[in-house]
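Written out below as structure tokens is the structure these notes cover.
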Amino acid sequence: MPEHDIHASPFVSPEGPDKITVRDLDFFYGDFQALAGIGVSIKQKAVTAFIGPSGCGKSTFLRCFNRMNDLIPGTRATGLVTMDGQDIYAPGVDPVDLRRRVGMIFQQPNPFPMSIYDNVAYGPRLHGVKKRAELDDIVRSSLERANLWKEVKDILDRNGLALSGGQQQRLCIARVLAVEPEVMLMDEPCSAIDPTSVQKIEDLMAELTDRITIVIVTHNMQQAARVSEFTAFFLQEIAGDPAVLVEYDRTANIFTSPQDRRTEDYITGRFG
Amino acid sequence: MNKRLANRIALATLYAAAGITVSVLFAVIVYVFINGIGQLSLSFIFTWPHGVNAEGGIWPTIVSTLYVTVLAMLIVTPIAILAAVYLAEYAVQGRLVSTIRFAADSLASVPSIVMGLFGLALFVEALQIGFSMLSAALALSFLMLPIVMRTTEEAIRAVPKYIRWGSYGLGATKWQTVRRTVLPAAMPRIITGIILATGRAVGETAVVIYTMGQAINLPVTPLDSGRPMTVHLYLLAMDGINLPAAYGTALLLMILILVFNLGARYFLRRSSRRM
């Protein structure tokens with residue numbers, strides 16, 4: 001057995017209350033095992049970053065938190081994922097309810113082809129809010145929290161797709177905030193938008209953690225270092241093998257004194 | 001052979017083929033236009049034909065054509081859209097679904113005169129609806145159904161995955177996602193399909209000749225019979241009763257179909273801008 005295997009997917013628990021706890025998670029696409037033995041604790045009201053080379057299963061893992069993988073036929077997760085102590089894969093849990101509590105931002109900004117107002121009101125309407133005044137309030141406060149209100153307050157009836165890429169991404173954030181999620185998953189939210197907008201979204205993440213827990217997948221190590229409090233490093237060492245969690249710690253420790261040589265190699269740019 | 005010469009021959013052949021296509025189209029339009037334009041007037045459109053030679057206008061036939069087309073559209077649209085949603089979103093993709101698709105494509109290529117005969121046997125006689133707008137609309141809907149269903153299915157499939165994810169990610173169920181996101185996003189292309197099918201119905205002759213009757217009536221209820229523009233045109237021209245009026249009818253028919261096709265283009269443009 002290679003020496004480093006004893007470090008594979010260690011269960012580390014930095015201090016602070018857990019929002020999401022994962023133990024021994026395996027994930028399969030059909031016969032292909034994508035993740036093996038992942039264990040991690042996502043801290044409440046903090047930003048946690050998942051880093052690692054492309055194709056190492058970070059996004060797959062992220063989608064386990066809102067069971068978005070359920071939508072891909074032939075996928076299967078085993079192990080334990082709990083949120084506030086409750087198993088989210090338990091038979092009684094409806095993934096539709098779960099996704100309301102665990103919102104998601106995607107790599108490609110994906111506003112619906114409808115007005116800015118209707119984009120933000122989409123979630124609340126799904127869940128039964130009908131009164132115009134109430135919707136108006138939600139739309140306004142969500143756009144304000146997403147730092148987009150000033151830019152769009154006079155064009156709320158314009159199509160969401162007419163906005164710039166960065167604005168579209170903030171619109172998507174407002175859309176998620178409108179259903180008041182407890183957790184926001186961000187799957188490379190900045191890789192398809194311009195640098196000025198990236199700055200705005202990073203600032204926003206810091207503000208949002210006053211109420212919500214954020215997990216972000218990023219290719220950009222500087223971004224992980226800037227925005228996150230905790231960082232998890234994933235690696236698929238041999239093509240075709242499942243990816244593992246190599247190291248998980250406070251972001252400062254990961255970037256200054258990583259415990260695993262593979263982490264050090266990655267953050268110093270020796271591969272990936 | 002010299003390769004530059006081969007190049008020139010190929011080029012000339014391509015130009016010739018393109019030229020023939022365009023000029024045939026142009027010739028038809030110009031011919032109908034020249035022969036029909038003299039007839040076009042408000043009174044031609046808005047008055048009734050009279051006398052043995054069907055002089056005067058063609059108003060009741062225009063009404064019959066629009067009546068049956070709108071009726072067929074109302075019958076086809078909900079069924080075709082629901083079937084397409086089922087096929088694209090819910091059905092387990094496999095042999096059953098490909099069989100349904102093959103059946104729909106086959107239905108689209110059934111000769112329309114056969115569909116007319118079928119409409120005559122089923123709606124006019126077996127179901128005793130008689131020669132009527134309803135019988136004709138039902139028979140026409142068989143012709144339109146596969147067109148609308150297939151274009152709707154394509155439109156639904158063309159809605160990007162990540163837009164659906166956005167909806168699911170907010171805690172939407174599958175039906176909420178389909179109804180509130182997928183269908184609105186696909187709507188411009190669905191409307192395009194409906195309009196193209198409708199254009200086809202406007203120009204259809206064989207189906208309606210068997211199912212609507214030929215009497216010149218102004219239809220009021222769906223059970224009234226009538227004579228659509230295409231049948232009017234056919235009768236006027238075949239019996240050589242009134243060729244100028246036949247050309248006038250033909251020109252109006254072409255204008256009507258042109259309007260439908262321009263409408264389809266407009267919606268398609270809008271959809272490509274939005275997606």
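Ordering of the structure tokens sets the chain letters (A, B, ...); residue numbers start at 1 within each chain; ligands are numbered from 1 in the order shown.
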Item to complete: Please report as a PyMOL selection string which residues of chain A come no farther than 7 Å from chain B, using only C-alpha atoms.
Response: chain A and resi 96-97+99-100+103-104+110+112-113+123+126+176
Please produce an output containing N, CA and C atoms for each residue in the selection, written as a compact mmCIF listing (two decimals), in the first residue's frame.
# COMPACT_ATOMS: atom_id res chain seq x y z
N VAL A 96 -36.92 17.94 -3.58
CA VAL A 96 -37.48 19.23 -3.98
C VAL A 96 -37.50 20.20 -2.80
N ASP A 97 -37.85 19.71 -1.61
CA ASP A 97 -37.82 20.56 -0.42
C ASP A 97 -36.39 20.91 -0.03
N ARG A 99 -33.84 21.27 -1.96
CA ARG A 99 -33.22 22.26 -2.86
C ARG A 99 -33.68 23.67 -2.56
N ARG A 100 -34.81 23.78 -1.91
CA ARG A 100 -35.22 25.11 -1.50
C ARG A 100 -34.31 25.61 -0.38
N GLY A 103 -29.61 26.33 -1.95
CA GLY A 103 -29.66 26.94 -3.28
C GLY A 103 -28.38 26.68 -4.05
N MET A 104 -28.44 26.92 -5.37
CA MET A 104 -27.26 26.62 -6.17
C MET A 104 -27.03 27.67 -7.26
N ASN A 110 -27.48 31.50 -15.51
CA ASN A 110 -28.64 30.91 -16.19
C ASN A 110 -29.94 31.58 -15.83
N PHE A 112 -33.62 32.83 -16.31
CA PHE A 112 -34.69 32.33 -17.17
C PHE A 112 -35.00 33.39 -18.22
N PRO A 113 -35.45 32.97 -19.40
CA PRO A 113 -35.80 33.97 -20.42
C PRO A 113 -37.10 34.71 -20.06
N GLY A 123 -38.87 31.73 -7.56
CA GLY A 123 -38.85 30.81 -6.41
C GLY A 123 -40.01 31.04 -5.45
N LEU A 126 -43.15 29.74 -6.82
CA LEU A 126 -43.20 28.27 -6.76
C LEU A 126 -43.75 27.81 -5.42
N VAL A 176 -31.76 32.99 -6.00
CA VAL A 176 -31.60 31.97 -4.95
C VAL A 176 -31.93 32.57 -3.57
Fill in: Per-residue DSSP, segment 49-264 of chain B, filtered to strand (DSSP E), as a ChimeraX atom specification
/B:49-50,55-56
Fill in: Among the residues A:Ile155, A:Val244, A:Val227, A:Ile254, the one that comes closest to Gly37 of chain A [using only C-alpha atoms]
A:Val244
Discussion item. I'd like to know which of A:Val183, A:Glu151, A:Val217, A:Pro109 is closest to Gln168 of chain A, using only C-alpha atoms.
Written reply: A:Pro109
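Remark: for His232 of chain B, the closest of the candidate residues B:Asn53, B:Asn2, B:Ser98, B:Thr69 is B:Asn53 (distances computed over only C-alpha atoms).
Atom CA of Leu145 of chain B sits 18.1 Å away from atom CA of Leu120 of chain B.
Distances to Ala178 of chain A were evaluated for A:Tyr122, A:Gly128, A:Gly166, A:Ser59 using only C-alpha atoms, and the minimum falls at A:Tyr122.
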Practice prompt. Name the residues in contact with Asp26 of chain A at a cut-off of 9 Å, using only C-alpha atoms, excluding same-chain residues fewer than 3 positions from it; report them as a PyMOL selection string.
Written response: chain A and resi 33-38+76-79+242
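Comparing B:Thr151, B:Thr230, B:Ser135, B:Ser43 by their smallest distance to Ile191 of chain B, the closest is B:Thr151 (using only C-alpha atoms).
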Practice prompt. Apply DSSP to the backbone of this structure and, from segment 138-253 of chain B, keep only the residues in alpha helix (DSSP H); write these as number ranges by chain.
Written response: B: 138-158, 161-169, 174-177, 183-202, 206-211, 229-238, 243-253
Practice prompt. Write out as a ChimeraX atom specification each polymer residue whose atoms come within 7 Å of Ser41 of chain A, counting only C-alpha atoms; drop sequence neighbours fewer than 4 positions from it.
Written response: /A:13,18,20-22
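You will find atom CA of Met115 of chain B at 9.5 Å from atom CA of Val208 of chain B.
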Worksheet item: What separation in Å, quoted to one decimal, exists between atom CA of Thr209 of chain A and atom CA of Phe50 of chain A?
Response: 16.8 Å
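Remark: for Arg157 of chain B, the closest of the candidate residues B:Ala103, B:Val85, B:Thr205, B:Ala126 is B:Val85 (distances computed over only C-alpha atoms).
Non-sequential neighbours of Thr60 of chain A (distance at most 10 Å, separation of 3 or more positions within a chain, only C-alpha atoms) are Phe27, Phe28, Tyr29, Ala34, Leu35, Gly55, Cys56, Gly57, Arg63, Cys64, Phe65, Arg67, Met68, Asn69 and Asp187 of chain A.
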Store the residues of this selection in a file with N, CA and C atoms, as an mmCIF file, in the first residue's frame.
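Output saved as result.cif:
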data_model
loop_
_atom_site.group_PDB
_atom_site.id
_atom_site.type_symbol
_atom_site.label_atom_id
_atom_site.label_comp_id
_atom_site.auth_asym_id
_atom_site.auth_seq_id
_atom_site.Cartn_x
_atom_site.Cartn_y
_atom_site.Cartn_z
ATOM 1 N N PHE A 27 -19.493 7.879 -4.482
ATOM 2 C CA PHE A 27 -20.441 8.303 -5.508
ATOM 3 C C PHE A 27 -20.132 7.608 -6.823
ATOM 4 N N PHE A 28 -21.205 7.167 -7.490
ATOM 5 C CA PHE A 28 -21.035 6.393 -8.726
ATOM 6 C C PHE A 28 -21.837 6.996 -9.874
ATOM 7 N N TYR A 29 -21.181 7.063 -11.029
ATOM 8 C CA TYR A 29 -21.902 7.286 -12.290
ATOM 9 C C TYR A 29 -21.986 5.930 -12.963
ATOM 10 N N ALA A 34 -16.824 7.791 -8.864
ATOM 11 C CA ALA A 34 -16.222 9.108 -9.011
ATOM 12 C C ALA A 34 -15.599 9.600 -7.715
ATOM 13 N N LEU A 35 -16.191 9.221 -6.590
ATOM 14 C CA LEU A 35 -15.700 9.693 -5.296
ATOM 15 C C LEU A 35 -15.599 8.512 -4.343
ATOM 16 N N GLY A 55 -11.995 17.789 -13.278
ATOM 17 C CA GLY A 55 -12.412 16.389 -13.330
ATOM 18 C C GLY A 55 -12.105 15.605 -12.079
ATOM 19 N N CYS A 56 -11.879 16.301 -10.964
ATOM 20 C CA CYS A 56 -11.548 15.561 -9.748
ATOM 21 C C CYS A 56 -12.761 15.376 -8.863
ATOM 22 N N GLY A 57 -13.955 15.675 -9.379
ATOM 23 C CA GLY A 57 -15.157 15.341 -8.630
ATOM 24 C C GLY A 57 -15.661 16.400 -7.663
ATOM 25 N N ARG A 63 -22.821 18.771 -5.751
ATOM 26 C CA ARG A 63 -24.213 18.474 -6.099
ATOM 27 C C ARG A 63 -24.841 17.407 -5.201
ATOM 28 N N CYS A 64 -24.005 16.743 -4.375
ATOM 29 C CA CYS A 64 -24.575 15.804 -3.406
ATOM 30 C C CYS A 64 -25.315 16.550 -2.297
ATOM 31 N N PHE A 65 -24.945 17.829 -2.091
ATOM 32 C CA PHE A 65 -25.518 18.572 -0.969
ATOM 33 C C PHE A 65 -26.954 19.017 -1.232
ATOM 34 N N ARG A 67 -28.706 17.242 -3.707
ATOM 35 C CA ARG A 67 -29.181 16.067 -4.448
ATOM 36 C C ARG A 67 -29.522 16.413 -5.890
ATOM 37 N N MET A 68 -28.747 17.318 -6.461
ATOM 38 C CA MET A 68 -28.928 17.658 -7.859
ATOM 39 C C MET A 68 -28.521 16.471 -8.736
ATOM 40 N N ASN A 69 -27.605 15.640 -8.211
ATOM 41 C CA ASN A 69 -27.179 14.463 -8.976
ATOM 42 C C ASN A 69 -28.334 13.496 -9.221
ATOM 43 N N ASP A 187 -20.982 26.672 -7.966
ATOM 44 C CA ASP A 187 -20.153 25.793 -8.782
ATOM 45 C C ASP A 187 -19.370 26.621 -9.795
#
